[in-house]
$ cat data36.pdb   # PDB, C-alpha atoms
ATOM      1  CA  GLY O   1     -10.016  14.736   7.739  1.00  0.00           C
ATOM      2  CA  ASP O   2     -11.148  11.127   7.682  1.00  0.00           C
ATOM      3  CA  GLY O   3     -11.957   9.570   4.308  1.00  0.00           C
ATOM      4  CA  THR O   4     -12.297   5.783   4.298  1.00  0.00           C
ATOM      5  CA  LEU O   5     -13.470   4.759   7.780  1.00  0.00           C
ATOM      6  CA  LEU O   6     -13.839   0.987   7.368  1.00  0.00           C
ATOM      7  CA  PRO O   7     -11.764  -1.563   5.416  1.00  0.00           C
ATOM      8  CA  THR O   8     -13.420  -2.073   2.037  1.00  0.00           C
ATOM      9  CA  ARG O   9     -12.853  -5.157  -0.109  1.00  0.00           C
ATOM     10  CA  PHE O  10     -12.520  -5.122  -3.912  1.00  0.00           C
ATOM     11  CA  PRO O  11     -12.233  -8.615  -5.482  1.00  0.00           C
ATOM     12  CA  LEU O  12      -9.891  -8.870  -8.471  1.00  0.00           C
ATOM     13  CA  GLU O  13     -11.586 -11.251 -10.888  1.00  0.00           C
ATOM     14  CA  LYS O  14      -8.610 -11.196 -13.248  1.00  0.00           C
ATOM     15  CA  LEU O  15      -6.350 -12.719 -10.586  1.00  0.00           C
ATOM     16  CA  GLY O  16      -8.824 -15.210  -9.161  1.00  0.00           C
ATOM     17  CA  GLN O  17      -9.008 -15.457  -5.373  1.00  0.00           C
ATOM     18  CA  VAL O  18      -7.298 -12.134  -4.697  1.00  0.00           C
ATOM     19  CA  SER O  19      -8.758  -8.966  -3.238  1.00  0.00           C
ATOM     20  CA  LEU O  20      -7.664  -5.381  -2.873  1.00  0.00           C
ATOM     21  CA  TRP O  21      -8.480  -3.767   0.454  1.00  0.00           C
ATOM     22  CA  ASP O  22      -8.924  -0.029   0.783  1.00  0.00           C
ATOM     23  CA  LEU O  23      -7.936   0.658   4.386  1.00  0.00           C
ATOM     24  CA  PRO O  24      -8.609   3.827   6.371  1.00  0.00           C
ATOM     25  CA  GLY O  25      -5.837   6.393   6.504  1.00  0.00           C
ATOM     26  CA  GLN O  26      -3.904   6.517   9.772  1.00  0.00           C
ATOM     27  CA  GLY O  27      -3.045   9.535  11.849  1.00  0.00           C
ATOM     28  CA  THR O  28      -6.474  10.995  12.632  1.00  0.00           C
ATOM     29  CA  SER O  29      -8.560  11.137  15.802  1.00  0.00           C
ATOM     30  CA  LYS O  30     -10.747   8.266  14.588  1.00  0.00           C
ATOM     31  CA  ILE O  31      -7.870   6.164  13.205  1.00  0.00           C
ATOM     32  CA  PRO O  32      -4.849   6.870  15.460  1.00  0.00           C
ATOM     33  CA  SER O  33      -1.389   5.769  14.340  1.00  0.00           C
ATOM     34  CA  VAL O  34      -0.565   4.079  17.655  1.00  0.00           C
ATOM     35  CA  THR O  35      -3.144   1.307  17.161  1.00  0.00           C
ATOM     36  CA  TYR O  36      -3.109   1.151  13.357  1.00  0.00           C
ATOM     37  CA  LEU O  37      -0.881  -1.887  12.845  1.00  0.00           C
ATOM     38  CA  CYS O  38      -2.847  -3.936  15.344  1.00  0.00           C
ATOM     39  CA  ASN O  39      -6.316  -2.888  14.218  1.00  0.00           C
ATOM     40  CA  MET O  40      -5.651  -3.356  10.507  1.00  0.00           C
ATOM     41  CA  GLY O  41      -3.672  -6.594  10.817  1.00  0.00           C
ATOM     42  CA  LEU O  42      -1.122  -5.660   8.181  1.00  0.00           C
ATOM     43  CA  LYS O  43       1.079  -8.688   8.820  1.00  0.00           C
ATOM     44  CA  TYR O  44      -1.586 -10.862   7.149  1.00  0.00           C
ATOM     45  CA  PHE O  45      -1.324  -9.022   3.832  1.00  0.00           C
ATOM     46  CA  ASP O  46       0.726 -10.154   0.863  1.00  0.00           C
ATOM     47  CA  ALA O  47       1.540  -6.590  -0.114  1.00  0.00           C
ATOM     48  CA  VAL O  48       0.857  -3.119   1.208  1.00  0.00           C
ATOM     49  CA  CYS O  49       0.708   0.093  -0.768  1.00  0.00           C
ATOM     50  CA  ILE O  50       0.998   3.380   1.124  1.00  0.00           C
ATOM     51  CA  VAL O  51      -0.664   6.187  -0.797  1.00  0.00           C
ATOM     52  CA  THR O  52       0.436   9.718   0.065  1.00  0.00           C
ATOM     53  CA  ASP O  53      -0.423  13.088  -1.401  1.00  0.00           C
ATOM     54  CA  GLY O  54       3.051  14.374  -0.537  1.00  0.00           C
ATOM     55  CA  ARG O  55       2.839  14.996   3.211  1.00  0.00           C
ATOM     56  CA  TRP O  56       5.095  12.171   4.392  1.00  0.00           C
ATOM     57  CA  SER O  57       4.595  12.055   8.155  1.00  0.00           C
ATOM     58  CA  GLU O  58       6.252  10.378  11.124  1.00  0.00           C
ATOM     59  CA  GLY O  59       3.277   8.009  11.238  1.00  0.00           C
ATOM     60  CA  ASP O  60       3.874   7.069   7.594  1.00  0.00           C
ATOM     61  CA  ASN O  61       7.527   6.465   8.370  1.00  0.00           C
ATOM     62  CA  ASN O  62       6.760   4.256  11.375  1.00  0.00           C
ATOM     63  CA  LEU O  63       4.231   2.292   9.331  1.00  0.00           C
ATOM     64  CA  LEU O  64       6.747   1.708   6.557  1.00  0.00           C
ATOM     65  CA  ALA O  65       9.429   0.697   9.078  1.00  0.00           C
ATOM     66  CA  ALA O  66       7.137  -1.970  10.535  1.00  0.00           C
ATOM     67  CA  ILE O  67       6.240  -3.231   7.048  1.00  0.00           C
ATOM     68  CA  HIS O  68       9.956  -3.380   6.242  1.00  0.00           C
ATOM     69  CA  TYR O  69      10.746  -5.282   9.440  1.00  0.00           C
ATOM     70  CA  ALA O  70       7.962  -7.794   8.767  1.00  0.00           C
ATOM     71  CA  GLY O  71       9.226  -8.425   5.223  1.00  0.00           C
ATOM     72  CA  ILE O  72       5.907  -7.553   3.564  1.00  0.00           C
ATOM     73  CA  ARG O  73       6.029  -6.589  -0.101  1.00  0.00           C
ATOM     74  CA  CYS O  74       5.383  -2.871  -0.324  1.00  0.00           C
ATOM     75  CA  PHE O  75       5.032   0.136  -2.605  1.00  0.00           C
ATOM     76  CA  VAL O  76       4.581   3.844  -2.105  1.00  0.00           C
ATOM     77  CA  VAL O  77       2.311   5.768  -4.446  1.00  0.00           C
ATOM     78  CA  ARG O  78       2.451   9.563  -4.627  1.00  0.00           C
ATOM     79  CA  SER O  79      -0.996  10.725  -5.709  1.00  0.00           C
ATOM     80  CA  LYS O  80      -2.018  14.132  -7.131  1.00  0.00           C
ATOM     81  CA  VAL O  81       1.341  14.452  -8.858  1.00  0.00           C
ATOM     82  CA  ASP O  82      -0.235  16.838 -11.396  1.00  0.00           C
ATOM     83  CA  LEU O  83      -0.506  19.392  -8.580  1.00  0.00           C
ATOM     84  CA  ALA O  84       3.168  18.901  -7.722  1.00  0.00           C
ATOM     85  CA  VAL O  85       4.135  19.544 -11.345  1.00  0.00           C
ATOM     86  CA  ALA O  86       1.982  22.678 -11.487  1.00  0.00           C
ATOM     87  CA  ASP O  87       3.378  23.966  -8.187  1.00  0.00           C
ATOM     88  CA  ALA O  88       6.979  23.371  -9.306  1.00  0.00           C
ATOM     89  CA  ALA O  89       6.348  25.232 -12.571  1.00  0.00           C
ATOM     90  CA  ARG O  90       4.843  28.193 -10.723  1.00  0.00           C
ATOM     91  CA  ASP O  91       7.236  28.360  -7.770  1.00  0.00           C
ATOM     92  CA  GLU O  92      10.520  27.110  -9.239  1.00  0.00           C
ATOM     93  CA  GLY O  93      10.115  27.476 -12.986  1.00  0.00           C
ATOM     94  CA  TRP O  94      10.760  23.750 -13.427  1.00  0.00           C
ATOM     95  CA  GLY O  95       9.592  21.701 -16.355  1.00  0.00           C
ATOM     96  CA  GLN O  96       7.564  18.515 -16.020  1.00  0.00           C
ATOM     97  CA  GLU O  97      10.540  16.138 -16.111  1.00  0.00           C
ATOM     98  CA  GLU O  98      12.518  18.122 -13.525  1.00  0.00           C
ATOM     99  CA  ALA O  99       9.519  18.359 -11.212  1.00  0.00           C
ATOM    100  CA  MET O 100       8.782  14.637 -11.435  1.00  0.00           C
ATOM    101  CA  SER O 101      12.427  13.782 -10.777  1.00  0.00           C
ATOM    102  CA  HIS O 102      12.496  16.034  -7.717  1.00  0.00           C
ATOM    103  CA  VAL O 103       9.321  14.490  -6.252  1.00  0.00           C
ATOM    104  CA  HIS O 104      10.601  10.961  -6.859  1.00  0.00           C
ATOM    105  CA  GLN O 105      14.039  11.607  -5.364  1.00  0.00           C
ATOM    106  CA  LEU O 106      12.559  13.283  -2.284  1.00  0.00           C
ATOM    107  CA  LEU O 107      10.204  10.373  -1.657  1.00  0.00           C
ATOM    108  CA  GLN O 108      13.006   7.868  -2.158  1.00  0.00           C
ATOM    109  CA  ARG O 109      15.143   9.653   0.446  1.00  0.00           C
ATOM    110  CA  GLN O 110      12.215   9.650   2.868  1.00  0.00           C
ATOM    111  CA  THR O 111      11.290   5.989   2.367  1.00  0.00           C
ATOM    112  CA  GLN O 112      14.607   4.351   1.399  1.00  0.00           C
ATOM    113  CA  LEU O 113      12.650   2.171  -1.043  1.00  0.00           C
ATOM    114  CA  GLN O 114      14.174   0.946  -4.276  1.00  0.00           C
ATOM    115  CA  PRO O 115      13.336   3.534  -6.991  1.00  0.00           C
ATOM    116  CA  HIS O 116      10.981   1.301  -8.989  1.00  0.00           C
ATOM    117  CA  ARG O 117       8.814   0.740  -5.899  1.00  0.00           C
ATOM    118  CA  ILE O 118       7.781   4.398  -5.884  1.00  0.00           C
ATOM    119  CA  HIS O 119       5.050   5.391  -8.338  1.00  0.00           C
ATOM    120  CA  LEU O 120       3.945   8.930  -9.154  1.00  0.00           C
ATOM    121  CA  VAL O 121       0.351   9.047 -10.356  1.00  0.00           C
ATOM    122  CA  THR O 122      -2.637  11.275 -10.942  1.00  0.00           C
ATOM    123  CA  SER O 123      -6.294  10.328 -11.183  1.00  0.00           C
ATOM    124  CA  ILE O 124      -6.847  12.848 -14.002  1.00  0.00           C
ATOM    125  CA  ALA O 125      -6.662  10.789 -17.179  1.00  0.00           C
ATOM    126  CA  SER O 126      -5.994  13.780 -19.443  1.00  0.00           C
ATOM    127  CA  PHE O 127      -2.429  13.937 -18.042  1.00  0.00           C
ATOM    128  CA  TRP O 128      -1.649  10.277 -18.617  1.00  0.00           C
ATOM    129  CA  LYS O 129      -0.199  10.670 -22.086  1.00  0.00           C
ATOM    130  CA  ASP O 130       2.495  12.901 -20.564  1.00  0.00           C
ATOM    131  CA  PHE O 131       2.901  11.684 -16.962  1.00  0.00           C
ATOM    132  CA  GLY O 132       1.167  10.194 -13.956  1.00  0.00           C
ATOM    133  CA  SER O 133      -0.383   7.136 -15.608  1.00  0.00           C
ATOM    134  CA  VAL O 134      -1.392   4.326 -13.246  1.00  0.00           C
ATOM    135  CA  GLY O 135      -0.530   1.699 -15.866  1.00  0.00           C
ATOM    136  CA  ASN O 136       2.998   0.927 -14.681  1.00  0.00           C
ATOM    137  CA  PHE O 137       1.895   0.655 -11.070  1.00  0.00           C
ATOM    138  CA  CYS O 138      -0.975  -1.707 -11.942  1.00  0.00           C
ATOM    139  CA  LYS O 139       1.397  -3.899 -13.944  1.00  0.00           C
ATOM    140  CA  HIS O 140       3.929  -3.925 -11.096  1.00  0.00           C
ATOM    141  CA  LEU O 141       1.210  -4.747  -8.573  1.00  0.00           C
ATOM    142  CA  GLN O 142      -0.038  -7.676 -10.655  1.00  0.00           C
ATOM    143  CA  GLU O 143       3.494  -9.061 -10.967  1.00  0.00           C
ATOM    144  CA  GLU O 144       3.991  -8.834  -7.202  1.00  0.00           C
ATOM    145  CA  VAL O 145       0.662 -10.505  -6.422  1.00  0.00           C
ATOM    146  CA  GLU O 146       1.355 -13.369  -8.822  1.00  0.00           C
ATOM    147  CA  ALA O 147       4.852 -13.820  -7.352  1.00  0.00           C
ATOM    148  CA  SER O 148       3.425 -13.852  -3.824  1.00  0.00           C
ATOM    149  CA  LEU O 149       0.803 -16.461  -4.703  1.00  0.00           C
ATOM    150  CA  LYS O 150       3.624 -18.618  -6.087  1.00  0.00           C
ATOM    151  CA  GLU O 151       5.481 -18.025  -2.793  1.00  0.00           C
ATOM    152  CA  GLU O 152       8.464 -16.578  -4.617  1.00  0.00           C
ATOM    153  CA  VAL O 153      11.045 -14.800  -2.476  1.00  0.00           C
ATOM    154  CA  ALA O 154      10.677 -11.030  -2.690  1.00  0.00           C
ATOM    155  CA  GLU O 155      13.571  -8.969  -3.956  1.00  0.00           C
ATOM    156  CA  GLN O 156      15.463  -6.497  -1.778  1.00  0.00           C
ATOM    157  CA  MET O 157      12.883  -3.715  -1.478  1.00  0.00           C
ATOM    158  CA  PHE O 158      14.833  -1.152   0.556  1.00  0.00           C
ATOM    159  CA  GLU O 159      18.209   0.517   0.182  1.00  0.00           C
ATOM    160  CA  GLU O 160      19.123  -0.501   3.748  1.00  0.00           C
ATOM    161  CA  GLY O 161      18.249  -3.303   6.170  1.00  0.00           C
ATOM    162  CA  PRO O 162      15.286  -2.970   8.548  1.00  0.00           C
ATOM    163  CA  GLN O 163      15.602  -1.214  11.875  1.00  0.00           C
ATOM    164  CA  GLU O 164      16.378  -3.619  14.699  1.00  0.00           C
ATOM    165  CA  ASP O 165      14.335  -1.708  17.275  1.00  0.00           C
ATOM    166  CA  VAL O 166      10.951  -1.799  15.539  1.00  0.00           C
ATOM    167  CA  ASN O 167       8.297  -2.828  18.056  1.00  0.00           C
ATOM    168  CA  MET O 168       6.267  -5.596  16.465  1.00  0.00           C
ATOM    169  CA  ASP O 169       4.014  -6.148  19.492  1.00  0.00           C
ATOM    170  CA  ALA O 170       1.255  -4.152  17.822  1.00  0.00           C
ATOM    171  CA  MET O 171       1.366  -6.426  14.780  1.00  0.00           C
ATOM    172  CA  ASP O 172       1.563  -9.609  16.867  1.00  0.00           C
ATOM    173  CA  ALA O 173      -1.432  -8.531  18.922  1.00  0.00           C
ATOM    174  CA  VAL O 174      -3.639  -8.969  15.900  1.00  0.00           C
ATOM    175  CA  ASP O 175      -3.460 -12.752  16.375  1.00  0.00           C
ATOM    176  CA  ALA O 176      -6.231 -12.354  18.913  1.00  0.00           C
ATOM    177  CA  MET O 177      -8.496 -10.645  16.397  1.00  0.00           C
ATOM    178  CA  THR O 178     -11.123 -12.363  14.276  1.00  0.00           C
ATOM    179  CA  ILE O 179     -10.013 -13.593  10.869  1.00  0.00           C
ATOM    180  CA  MET O 180     -12.308 -13.271   7.898  1.00  0.00           C
ATOM    181  CA  THR O 181     -13.548 -16.439   6.198  1.00  0.00           C
ATOM    182  CA  TRP O 182     -15.437 -16.796   2.958  1.00  0.00           C
ATOM    183  CA  ASP O 183     -18.205 -19.321   2.347  1.00  0.00           C
ATOM    184  CA  ASP O 184     -18.406 -20.357  -1.317  1.00  0.00           C
ATOM    185  CA  GLU O 185     -21.934 -21.660  -0.909  1.00  0.00           C
ATOM    186  CA  ASP O 186     -23.677 -18.501   0.195  1.00  0.00           C
ATOM    187  CA  GLU O 187     -20.892 -16.051  -0.649  1.00  0.00           C
ATOM    188  CA  ASP O 188     -21.295 -14.285   2.660  1.00  0.00           C
ATOM    189  CA  GLU O 189     -18.554 -12.810   4.832  1.00  0.00           C
ATOM    190  CA  LYS O 190     -18.901 -14.542   8.163  1.00  0.00           C
ATOM    191  CA  VAL O 191     -16.659 -12.358  10.276  1.00  0.00           C
ATOM    192  CA  GLU O 192     -14.090  -9.593  10.062  1.00  0.00           C
ATOM    193  CA  TYR O 193     -11.797  -8.494   7.283  1.00  0.00           C
ATOM    194  CA  LEU O 194      -8.245  -9.644   7.799  1.00  0.00           C
ATOM    195  CA  ARG O 195      -7.808 -12.803   5.802  1.00  0.00           C
ATOM    196  CA  LEU O 196      -9.658 -14.742   3.127  1.00  0.00           C
ATOM    197  CA  ASP O 197     -10.167 -18.502   3.228  1.00  0.00           C
ATOM    198  CA  ILE O 198     -11.446 -20.281   0.116  1.00  0.00           C
ATOM    199  CA  ASP O 199     -11.808 -24.057  -0.069  1.00  0.00           C
ATOM    200  CA  ASN O 200      -9.679 -24.344   3.073  1.00  0.00           C
ATOM    201  CA  GLN O 201      -6.823 -22.480   1.414  1.00  0.00           C
ATOM    202  CA  CYS O 202      -5.601 -19.175   2.817  1.00  0.00           C
ATOM    203  CA  PHE O 203      -5.406 -16.350   0.283  1.00  0.00           C
ATOM    204  CA  LYS O 204      -4.206 -13.236   2.084  1.00  0.00           C
ATOM    205  CA  PRO O 205      -5.520 -10.047   0.471  1.00  0.00           C
ATOM    206  CA  VAL O 206      -3.409  -7.307  -1.039  1.00  0.00           C
ATOM    207  CA  GLY O 207      -3.789  -4.182   1.036  1.00  0.00           C
ATOM    208  CA  PHE O 208      -3.984  -0.573  -0.018  1.00  0.00           C
ATOM    209  CA  VAL O 209      -3.158   1.775   2.843  1.00  0.00           C
ATOM    210  CA  LYS O 210      -4.283   5.334   2.237  1.00  0.00           C
ATOM    211  CA  ARG O 211      -2.974   8.160   4.352  1.00  0.00           C
ATOM    212  CA  ALA O 212      -5.672  10.599   5.401  1.00  0.00           C
ATOM    213  CA  GLY O 213      -6.283  13.133   2.633  1.00  0.00           C
ATOM    214  CA  ALA O 214      -4.539  11.086  -0.075  1.00  0.00           C
TER     215      ALA O 214
END
$ encode --input "data36.pdb" --output "structure tokens"
Amino acid sequence: GDGTLLPTRFPLEKLGQVSLWDLPGQGTSKIPSVTYLCNMGLKYFDAVCIVTDGRWSEGDNNLLAAIHYAGIRCFVVRSKVDLAVADAARDEGWGQEEAMSHVHQLLQRQTQLQPHRIHLVTSIASFWKDFGSVGNFCKHLQEEVEASLKEEVAEQMFEEGPQEDVNMDAMDAVDAMTIMTWDDEDEDEKVEYLRLDIDNQCFKPVGFVKRAGA
């Protein structure tokens, strides 16, 4: 079902004029995949994180292909990895390390991302001493944001080059949409959510893209 229905902004005070955006998951009746790139304006983001609970779909794959083609910094986060470990122990008799390795390798084959750009996490803190801590991902995200703000060239993120037949019309169409501006004086969002402008400088927000159910 639908979780997040509207883009939600979370300012990161530690990094100054940077915000995280929790975007609606794509692939539902309310948020269809076919219009997702256009409606969310992903080409304006410095980085995009696709969060999946393990059900990697064709829509996820198309989204990642477009992100790859556009050269946007990206990550994939596998949430609820504690459930994957428990399922592997019950169904396959695997230990924690074997289960985590299997999940990671499967997701890498599906996404073709470099291994360190895939993070396996759980929101249950009691597991963090053994696996699934969000610490490494948060550190990686901060490094990427700081590098983007310095306009450093991103490393090779994928095992292979981008597809040549990716249709970017949906992403280009977002040029006609309203861009968000920020007024320091009254701290009020004037218009929509796509980009942040502070003191006449453009600071594009980091985006979190959640798949429905993640």
$ closest_residue --input "data36.pdb" --among "O:Glu160, O:Glu146, O:Glu155, O:Asp91" --to "Cys74 of chain O" --atoms "only C-alpha atoms"
O:Glu155
$ closest_residue --input "data36.pdb" --among "O:Glu13, O:Glu144, O:Glu152, O:Glu92" --to "Cys49 of chain O" --atoms "all atoms listed in the file"
O:Glu144
$ resolve_selection --input "data36.pdb" --expression "the PyMOL selection byres ((chain O and resi 59) around 9)" --output "list in words"
Gln26, Gly27, Ser33, Val34, Trp56, Ser57, Glu58, Asp60, Asn61, Asn62, Leu63 and Leu64 of chain O
$ residues_around --input "data36.pdb" --residues "Trp94 of chain O" --least-positions-apart "6" --cutoff "12 Å" --atoms "all atoms listed in the file" --output "number ranges by chain"
O: 84-88, 100-103
$ atom_distance --input "data36.pdb" --atom1 "atom CA of Gln114 of chain O" --atom2 "atom CA of Phe158 of chain O"
5.3 Å
$ resolve_selection --input "data36.pdb" --expression "the PyMOL selection byres ((chain O and resi 127) around 12)" --output "list in words"
Lys80, Val81, Asp82, Leu83, Val85, Ala86, Gln96, Val121, Thr122, Ser123, Ile124, Ala125, Ser126, Trp128, Lys129, Asp130, Phe131, Gly132, Ser133 and Val134 of chain O
$ resolve_selection --input "data36.pdb" --expression "the PyMOL selection byres ((chain O and resi 50) around 12)" --output "PyMOL selection string"
chain O and resi 21-26+42+47-49+51-57+59-65+67+73-79+107+111+113+117-119+206-212+214
$ atom_distance --input "data36.pdb" --atom1 "atom CA of Ser29 of chain O" --atom2 "atom CA of Leu6 of chain O"
14.2 Å
$ atom_distance --input "data36.pdb" --atom1 "atom CA of Asp46 of chain O" --atom2 "atom CA of Ala154 of chain O"
10.6 Å
$ residues_near_point --input "data36.pdb" --point "(-2.6, -9.6, -8.0)" --cutoff "9 Å" --atoms "all atoms listed in the file" --output "list in words"
Leu12, Lys14, Leu15, Gly16, Val18, Ser19, Leu20, Cys138, Leu141, Gln142, Glu143, Glu144, Val145, Glu146, Ala147, Ser148, Leu149, Pro205 and Val206 of chain O
$ write_last_selection --input "data36.pdb" --atoms "C-alpha atoms" --output "short mmCIF file (atom, residue, chain, number, x, y, z; two decimals), keeping the file's coordinate frame"
data_model
loop_
_atom_site.label_atom_id
_atom_site.label_comp_id
_atom_site.auth_asym_id
_atom_site.auth_seq_id
_atom_site.Cartn_x
_atom_site.Cartn_y
_atom_site.Cartn_z
CA LEU O 12 -9.89 -8.87 -8.47
CA LYS O 14 -8.61 -11.20 -13.25
CA LEU O 15 -6.35 -12.72 -10.59
CA GLY O 16 -8.82 -15.21 -9.16
CA VAL O 18 -7.30 -12.13 -4.70
CA SER O 19 -8.76 -8.97 -3.24
CA LEU O 20 -7.66 -5.38 -2.87
CA CYS O 138 -0.98 -1.71 -11.94
CA LEU O 141 1.21 -4.75 -8.57
CA GLN O 142 -0.04 -7.68 -10.66
CA GLU O 143 3.49 -9.06 -10.97
CA GLU O 144 3.99 -8.83 -7.20
CA VAL O 145 0.66 -10.50 -6.42
CA GLU O 146 1.36 -13.37 -8.82
CA ALA O 147 4.85 -13.82 -7.35
CA SER O 148 3.42 -13.85 -3.82
CA LEU O 149 0.80 -16.46 -4.70
CA PRO O 205 -5.52 -10.05 0.47
CA VAL O 206 -3.41 -7.31 -1.04
#
